[in-house]
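Peer 1: So that you have it, the file is structure02.cif, and it contains mmCIF, C-alpha atoms (C1' of nucleotides):
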data_run
#
loop_
_atom_site.label_atom_id
_atom_site.label_comp_id
_atom_site.auth_asym_id
_atom_site.auth_seq_id
_atom_site.Cartn_x
_atom_site.Cartn_y
_atom_site.Cartn_z
CA MET A 1 66.44 -7.48 -52.60
CA PRO A 2 65.57 -11.17 -52.11
CA GLU A 3 64.75 -13.40 -55.07
CA LYS A 4 61.21 -13.44 -56.39
CA LEU A 5 59.48 -16.78 -55.92
CA PRO A 6 59.69 -18.90 -59.10
CA ARG A 7 56.65 -20.07 -61.04
CA ALA A 8 57.25 -23.64 -59.85
CA PHE A 9 56.56 -22.54 -56.28
CA TYR A 10 52.89 -22.00 -57.11
CA LEU A 11 52.45 -25.37 -58.80
CA GLN A 12 53.01 -27.31 -55.58
CA ASP A 13 50.04 -28.75 -53.71
CA THR A 14 47.86 -25.79 -52.68
CA VAL A 15 48.00 -26.60 -48.96
CA THR A 16 51.79 -26.81 -49.25
CA VAL A 17 51.80 -23.37 -50.83
CA ALA A 18 49.49 -21.96 -48.14
CA ARG A 19 51.93 -23.15 -45.45
CA ALA A 20 55.04 -22.14 -47.37
CA LEU A 21 53.73 -18.60 -47.88
CA LEU A 22 53.92 -17.95 -44.12
CA GLY A 23 57.01 -15.83 -43.60
CA CYS A 24 57.24 -14.86 -47.28
CA VAL A 25 57.12 -11.18 -48.24
CA LEU A 26 54.55 -9.48 -50.47
CA TRP A 27 55.80 -6.37 -52.28
CA ARG A 28 53.66 -3.63 -53.79
CA ARG A 29 54.92 -0.68 -55.81
CA THR A 30 52.56 2.26 -56.32
CA GLY A 31 54.18 5.22 -57.98
CA ARG A 32 57.37 5.91 -56.03
CA GLU A 33 56.33 3.90 -52.97
CA LEU A 34 57.63 0.38 -52.43
CA LEU A 35 55.69 -1.38 -49.68
CA ALA A 36 56.51 -4.79 -48.20
CA ALA A 37 54.62 -7.07 -45.81
CA ARG A 38 55.50 -10.44 -44.29
CA ILE A 39 52.63 -12.93 -44.55
CA VAL A 40 51.54 -14.49 -41.24
CA GLU A 41 48.11 -15.96 -42.04
CA THR A 42 46.68 -17.76 -45.09
CA GLU A 43 43.70 -19.87 -46.10
CA ALA A 44 43.59 -22.49 -48.87
CA TYR A 45 40.60 -22.70 -51.21
CA LEU A 46 40.42 -25.92 -53.15
CA GLY A 47 38.48 -25.21 -56.31
CA ALA A 48 35.47 -27.07 -57.68
CA ASN A 49 35.07 -29.52 -54.79
CA ASP A 50 35.32 -26.88 -52.06
CA ALA A 51 31.87 -25.49 -51.18
CA ALA A 52 33.48 -22.43 -49.59
CA SER A 53 35.35 -21.46 -52.77
CA HIS A 54 34.15 -18.94 -55.32
CA ALA A 55 34.92 -21.69 -57.84
CA ARG A 56 32.69 -24.28 -56.14
CA ARG A 57 31.04 -26.69 -58.57
CA GLY A 58 33.22 -25.20 -61.31
CA LEU A 59 31.47 -21.83 -61.23
CA ARG A 60 33.01 -19.19 -63.46
CA SER A 61 32.19 -15.49 -63.60
CA ASP A 62 33.80 -12.17 -64.42
CA ARG A 63 34.73 -11.94 -60.76
CA ASN A 64 36.56 -15.24 -60.34
CA GLN A 65 38.02 -15.86 -63.78
CA SER A 66 41.56 -15.18 -62.59
CA MET A 67 41.27 -18.16 -60.23
CA TYR A 68 41.53 -20.26 -63.39
CA LEU A 69 44.86 -18.74 -64.44
CA GLU A 70 48.11 -20.65 -64.05
CA GLY A 71 49.61 -20.57 -60.55
CA GLY A 72 51.61 -17.43 -59.82
CA HIS A 73 48.90 -14.86 -60.55
CA ALA A 74 46.74 -12.74 -58.23
CA TYR A 75 43.00 -13.16 -57.73
CA VAL A 76 41.61 -9.95 -56.23
CA TYR A 77 37.90 -9.61 -55.55
CA LEU A 78 35.55 -7.20 -53.79
CA SER A 79 34.24 -8.65 -50.54
CA TYR A 80 30.88 -7.56 -49.11
CA GLY A 81 30.75 -4.80 -51.71
CA MET A 82 33.45 -2.87 -49.86
CA HIS A 83 36.78 -4.56 -49.23
CA TRP A 84 39.36 -5.93 -51.64
CA CYS A 85 40.83 -9.36 -50.82
CA MET A 86 43.84 -10.94 -52.48
CA ASN A 87 44.54 -14.57 -53.29
CA VAL A 88 47.63 -16.29 -54.64
CA VAL A 89 46.48 -18.52 -57.49
CA CYS A 90 47.91 -22.07 -57.44
CA GLN A 91 48.00 -25.08 -59.76
CA GLU A 92 48.04 -25.22 -63.51
CA ALA A 93 45.62 -23.22 -65.66
CA ASP A 94 41.93 -24.17 -65.37
CA ILE A 95 42.42 -25.63 -61.87
CA ALA A 96 40.82 -22.96 -59.64
CA GLU A 97 42.77 -23.35 -56.41
CA ALA A 98 44.08 -20.35 -54.49
CA VAL A 99 45.43 -19.09 -51.17
CA LEU A 100 43.78 -16.11 -49.47
CA LEU A 101 46.24 -13.74 -47.78
CA ARG A 102 44.62 -12.93 -44.45
CA ALA A 103 47.22 -11.07 -42.39
CA ALA A 104 50.72 -9.60 -42.59
CA ILE A 105 53.40 -7.70 -40.70
CA PRO A 106 54.65 -4.37 -42.08
CA VAL A 107 58.25 -4.68 -43.32
CA GLN A 108 58.75 -1.55 -45.43
CA GLY A 109 56.70 1.60 -46.02
CA ILE A 110 54.85 1.49 -42.72
CA GLU A 111 54.12 5.22 -42.76
CA ALA A 112 52.32 4.91 -46.10
CA MET A 113 50.41 1.95 -44.69
CA ARG A 114 49.28 4.00 -41.71
CA GLU A 115 48.01 6.67 -44.08
CA ARG A 116 45.99 4.08 -46.00
CA ARG A 117 44.70 2.51 -42.77
CA PRO A 118 43.87 5.51 -40.56
CA LYS A 119 41.66 3.40 -38.31
CA ALA A 120 44.51 1.14 -37.21
CA LYS A 121 45.37 2.16 -33.66
CA ASN A 122 48.61 0.16 -33.61
CA ASP A 123 50.89 -1.73 -35.95
CA TYR A 124 49.20 -5.09 -35.55
CA GLU A 125 45.88 -3.62 -36.72
CA LEU A 126 47.32 -2.45 -40.04
CA MET A 127 46.95 -5.80 -41.81
CA ASN A 128 45.22 -8.23 -39.41
CA GLY A 129 42.52 -9.18 -41.91
CA PRO A 130 42.26 -9.86 -45.65
CA GLY A 131 40.57 -6.55 -46.47
CA LYS A 132 43.09 -4.68 -44.33
CA VAL A 133 46.07 -6.27 -46.12
CA CYS A 134 44.79 -4.94 -49.44
CA ALA A 135 43.88 -1.54 -48.02
CA ALA A 136 47.31 -1.05 -46.43
CA LEU A 137 49.14 -2.08 -49.60
CA GLY A 138 46.86 -0.31 -52.07
CA ILE A 139 45.78 -3.56 -53.74
CA ASP A 140 42.56 -3.31 -55.73
CA LYS A 141 40.86 -4.48 -58.94
CA SER A 142 43.82 -3.28 -61.00
CA CYS A 143 45.88 -6.10 -59.44
CA ASP A 144 43.39 -8.83 -60.37
CA GLY A 145 44.96 -11.33 -62.76
CA GLU A 146 48.42 -9.76 -62.46
CA PRO A 147 51.47 -12.05 -62.35
CA LEU A 148 53.20 -12.29 -58.97
CA ASP A 149 56.69 -11.76 -60.38
CA GLY A 150 55.99 -8.36 -61.93
CA ASP A 151 57.18 -4.87 -61.00
CA SER A 152 54.16 -3.52 -59.13
CA LEU A 153 53.20 -6.74 -57.32
CA PHE A 154 55.51 -9.62 -56.41
CA LEU A 155 56.43 -12.14 -53.75
CA THR A 156 59.82 -13.05 -52.33
CA GLY A 157 60.81 -15.98 -50.14
CA ARG A 158 61.05 -16.20 -46.37
CA ASP A 159 63.25 -13.63 -44.67
CA ILE A 160 62.78 -15.34 -41.32
CA GLU A 161 62.95 -18.94 -40.25
CA VAL A 162 59.58 -20.68 -39.85
CA ARG A 163 59.55 -24.05 -38.10
CA GLU A 164 56.76 -26.48 -38.94
CA GLN A 165 55.75 -26.60 -35.29
CA GLU A 166 55.25 -22.82 -35.30
CA ILE A 167 52.44 -23.17 -37.87
CA ALA A 168 48.97 -23.31 -36.32
CA VAL A 169 45.99 -24.77 -38.19
CA SER A 170 42.26 -24.07 -37.85
CA LYS A 171 39.06 -24.06 -39.83
CA ARG A 172 38.60 -21.13 -42.18
CA ILE A 173 36.97 -17.88 -41.08
CA GLY A 174 33.64 -16.62 -42.45
CA VAL A 175 32.58 -19.76 -44.30
CA GLU A 176 30.16 -21.25 -41.75
CA ASN A 177 27.47 -21.77 -44.36
CA SER A 178 29.53 -24.11 -46.55
CA GLY A 179 28.55 -27.55 -45.26
CA ASP A 180 31.41 -29.93 -44.43
CA ALA A 181 33.93 -27.58 -46.02
CA ALA A 182 33.29 -25.08 -43.23
CA HIS A 183 35.26 -27.37 -40.90
CA TRP A 184 38.16 -28.27 -43.15
CA PRO A 185 41.52 -27.37 -41.50
CA LEU A 186 42.71 -24.98 -44.20
CA ARG A 187 43.63 -21.83 -42.27
CA PHE A 188 47.32 -21.50 -41.42
CA PHE A 189 48.99 -18.90 -39.23
CA LEU A 190 52.05 -18.32 -37.09
CA LEU A 191 51.37 -19.55 -33.58
CA GLY A 192 50.89 -16.73 -31.07
CA ASN A 193 51.66 -14.03 -33.62
CA ARG A 194 50.04 -10.75 -32.62
CA TYR A 195 49.50 -9.72 -36.25
CA VAL A 196 47.07 -12.48 -37.26
CA SER A 197 43.33 -11.78 -37.56
CA ALA A 198 40.96 -12.96 -34.80
CA TYR A 199 43.97 -13.01 -32.50
CA ARG A 200 41.77 -12.90 -29.42
CA HIS A 201 40.25 -16.28 -30.35
CA VAL A 202 43.50 -18.20 -30.67
CA ARG A 203 45.92 -16.69 -28.25
"C1'" DT B 1 12.67 -10.40 -62.76
"C1'" DT B 2 13.46 -10.06 -57.57
"C1'" DA B 3 15.61 -11.94 -53.28
"C1'" DT B 4 19.38 -13.64 -50.73
"C1'" DT B 5 24.04 -14.09 -49.50
"C1'" DG B 6 28.37 -13.26 -48.57
"C1'" DA B 7 36.42 -15.69 -48.25
"C1'" DT B 8 34.70 -8.15 -43.99
"C1'" DT B 9 35.20 -4.31 -41.19
"C1'" DG B 10 34.19 -1.07 -37.74
"C1'" DA B 11 30.93 1.18 -34.70
"C1'" DC B 12 28.15 0.47 -31.01
"C1'" DT B 13 25.50 -1.83 -26.48
"C1'" DG C 1 27.90 -9.55 -27.65
"C1'" DT C 2 24.81 -6.95 -32.07
"C1'" DC C 3 24.45 -4.76 -36.45
"C1'" DA C 4 24.90 -1.68 -40.70
"C1'" DA C 5 27.48 -0.53 -44.84
"C1'" DT C 6 27.28 -1.78 -49.84
"C1'" DC C 7 27.25 -4.45 -54.23
"C1'" DA C 8 28.17 -8.40 -57.22
"C1'" DA C 9 27.11 -13.15 -57.85
"C1'" DT C 10 23.94 -16.54 -57.35
"C1'" DA C 11 19.54 -18.50 -56.24
"C1'" DA C 12 14.73 -18.28 -56.48
"C1'" DA C 13 10.54 -17.08 -58.67
#
Can I see the file as structure tokens?
Peer 2:
Amino acid sequence: MPEKLPRAFYLQDTVTVARALLGCVLWRRTGRELLAARIVETEAYLGANDAASHARRGLRSDRNQSMYLEGGHAYVYLSYGMHWCMNVVCQEADIAEAVLLRAAIPVQGIEAMRERRPKAKNDYELMNGPGKVCAALGIDKSCDGEPLDGDSLFLTGRDIEVREQEIAVSKRIGVENSGDAAHWPLRFFLLGNRYVSAYRHVR
DNA sequence: TTATTGATTGACT
DNA sequence: GTCAATCAATAAA
């Protein structure tokens, strides 16, 4: 079992964390199952000054309060009233920056993932979207605010090499109505990787 | 108080 | 390409 990422990892610049998370592995234990997924797509959300963030203008609510935790915790919220999405919280407490996990490759427990994602017709559809990552791994409200070095939810470092030139950058998805922030280059993914979301647009 | 809007997904034309 | 599902947060009234 690789080492869990240390707390200091999450206190780096949030864009640095978003890039560094590519290739890292997210682990989820539910009962006797231990599931693992390699992250291949992330998006950075930069707190109060980011119009696309749930914490824009310093907004606080029951939903987003875990964004204000110290780096190294999970922020899990319900998207469109239906789908859970998971963020990795960054920065010190009260700085609401986070990285959305948008896509991953199955590493362990793929059969359990297929059961949780019956609509996936092939392996690259299991977790090629933020709601699908949470569905496949059984991540829901119970994970919100949880530390990322615990027993049921944790992250370990890269188990593959990732060169800087393999990291592609684009604007974020689904935030068109956020003014200038809609165009900020804060989405990061592995170039040409079949498991990323919206693959057809960036092949 | 009511209306609008999503950090999405999947079904359908 | 279009659109509905479904609900919490926010904006508007």
Peer 1: Separation of atom CA of A:Gly47 and atom C1' of C:DA13, in Å?
Peer 2: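 Separation between atom CA of A:Gly47 and atom C1' of C:DA13: 29.2 Å.
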Peer 1: Closest to A:Gly58 among A:Asp144, A:Leu137, A:Glu97, A:Thr16, using all atoms listed in the file?
Peer 2: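 Closest to A:Gly58 of all the choices is A:Glu97.
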Peer 1: Run the PyMOL selection byres ((chain C) within 9 of (chain A)) mentally over the shown coordinates, then write out the matched residues as a PyMOL selection string, using the chain letters and numbers from the document.
Peer 2: chain C and resi 5-9
Peer 1: Mind dumping the selected residues with C-alpha atoms (C1' of nucleotides) as a PDB file, keeping the file's coordinate frame?
Peer 2:
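Below you can see again_27.pdb, which holds the result:
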ATOM      1  C1'  DA C   5      27.480  -0.530 -44.840  1.00  0.00           C
ATOM      2  C1'  DT C   6      27.280  -1.780 -49.840  1.00  0.00           C
ATOM      3  C1'  DC C   7      27.250  -4.450 -54.230  1.00  0.00           C
ATOM      4  C1'  DA C   8      28.170  -8.400 -57.220  1.00  0.00           C
ATOM      5  C1'  DA C   9      27.110 -13.150 -57.850  1.00  0.00           C
TER       6       DA C   9
END
Peer 1: Select all residues from chain B having any atom no more than 9 Å from an atom of chain A (counting only C-alpha atoms (C1' of nucleotides), ignoring ligands), output as a list of chain:residue names.
Peer 2: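 Close enough to count are B:DG6, B:DA7, B:DT8, B:DT9, B:DG10.
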Peer 1: How many Å separate atom CA of A:Ser170 from atom CA of A:Asn49?
Peer 2: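 For atom CA of A:Ser170 relative to atom CA of A:Asn49, the distance reads 19.2 Å.
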Peer 1: Would you give the centre and edge lengths, in Å to one decimal, of a box along x, y and z around the listed atoms of stretch 6-12 of chain B, with 5 Å added to each side, as lines of an AutoDock Vina configuration file?
Peer 2:
center_x = 32.3
center_y = -7.3
center_z = -39.8
size_x = 18.3
size_y = 26.9
size_z = 27.6
Peer 1: What do you get, as a PyMOL selection string, if you spell out every residue that the PyMOL selection byres ((chain B and resi 13) around 12) selects here?
Peer 2: (chain B and resi 11-12) or (chain C and resi 1-3)
Peer 1: Would you mind reading off the distance between atom CA of A:Glu115 and atom CA of A:Glu33, one decimal, in Å?
Peer 2: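 Distance reported for this atom pair: 12.5 Å.
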Peer 1: Which residues are near A:Asp13? Cut-off 12 Å, only C-alpha atoms (C1' of nucleotides), ignore same chain within fewer than 2 positions. Put them as a list in words.
Peer 2: Ala8, Phe9, Tyr10, Leu11, Val15, Thr16, Val17, Ala18, Arg19, Ala20, Ala44, Tyr45, Leu46, Gly71, Val89, Cys90, Gln91, Glu92, Ile95, Glu97, Ala98 and Val99 of chain A
Peer 1: Show which residues sit within 9 Å of A:Lys171, as a list in words. Count all atoms listed in the file, and ignore same-chain residues fewer than 4 positions away.
Peer 2: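 Final neighbour list, sorted by chain and number: Glu43, Val175, Ala181, Ala182, His183, Trp184, Pro185, Leu186, Arg187 and Phe188 of chain A.
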Peer 1: Please identify all polymer residues within 12 Å of B:DT2, counting all atoms listed in the file, omitting same-chain residues fewer than 2 positions from it, and present them as number ranges by chain.
Peer 2: B: 4; C: 11-13
Peer 1: What lies within 12 Å of stretch 156-159 of chain A using all atoms listed in the file, ignoring chain neighbours under 3 positions off, as a PyMOL selection string?
Peer 2: chain A and resi 1-7+9+17+19-28+36-40+72+107+148-150+153+162-163
Peer 1: For A:Ala93, find every residue with an atom within 6 Å (counting all atoms listed in the file), except residues of its own chain fewer than 2 positions away, and show them as an NGL selection string.
Peer 2: :A and (68-70 or 95)
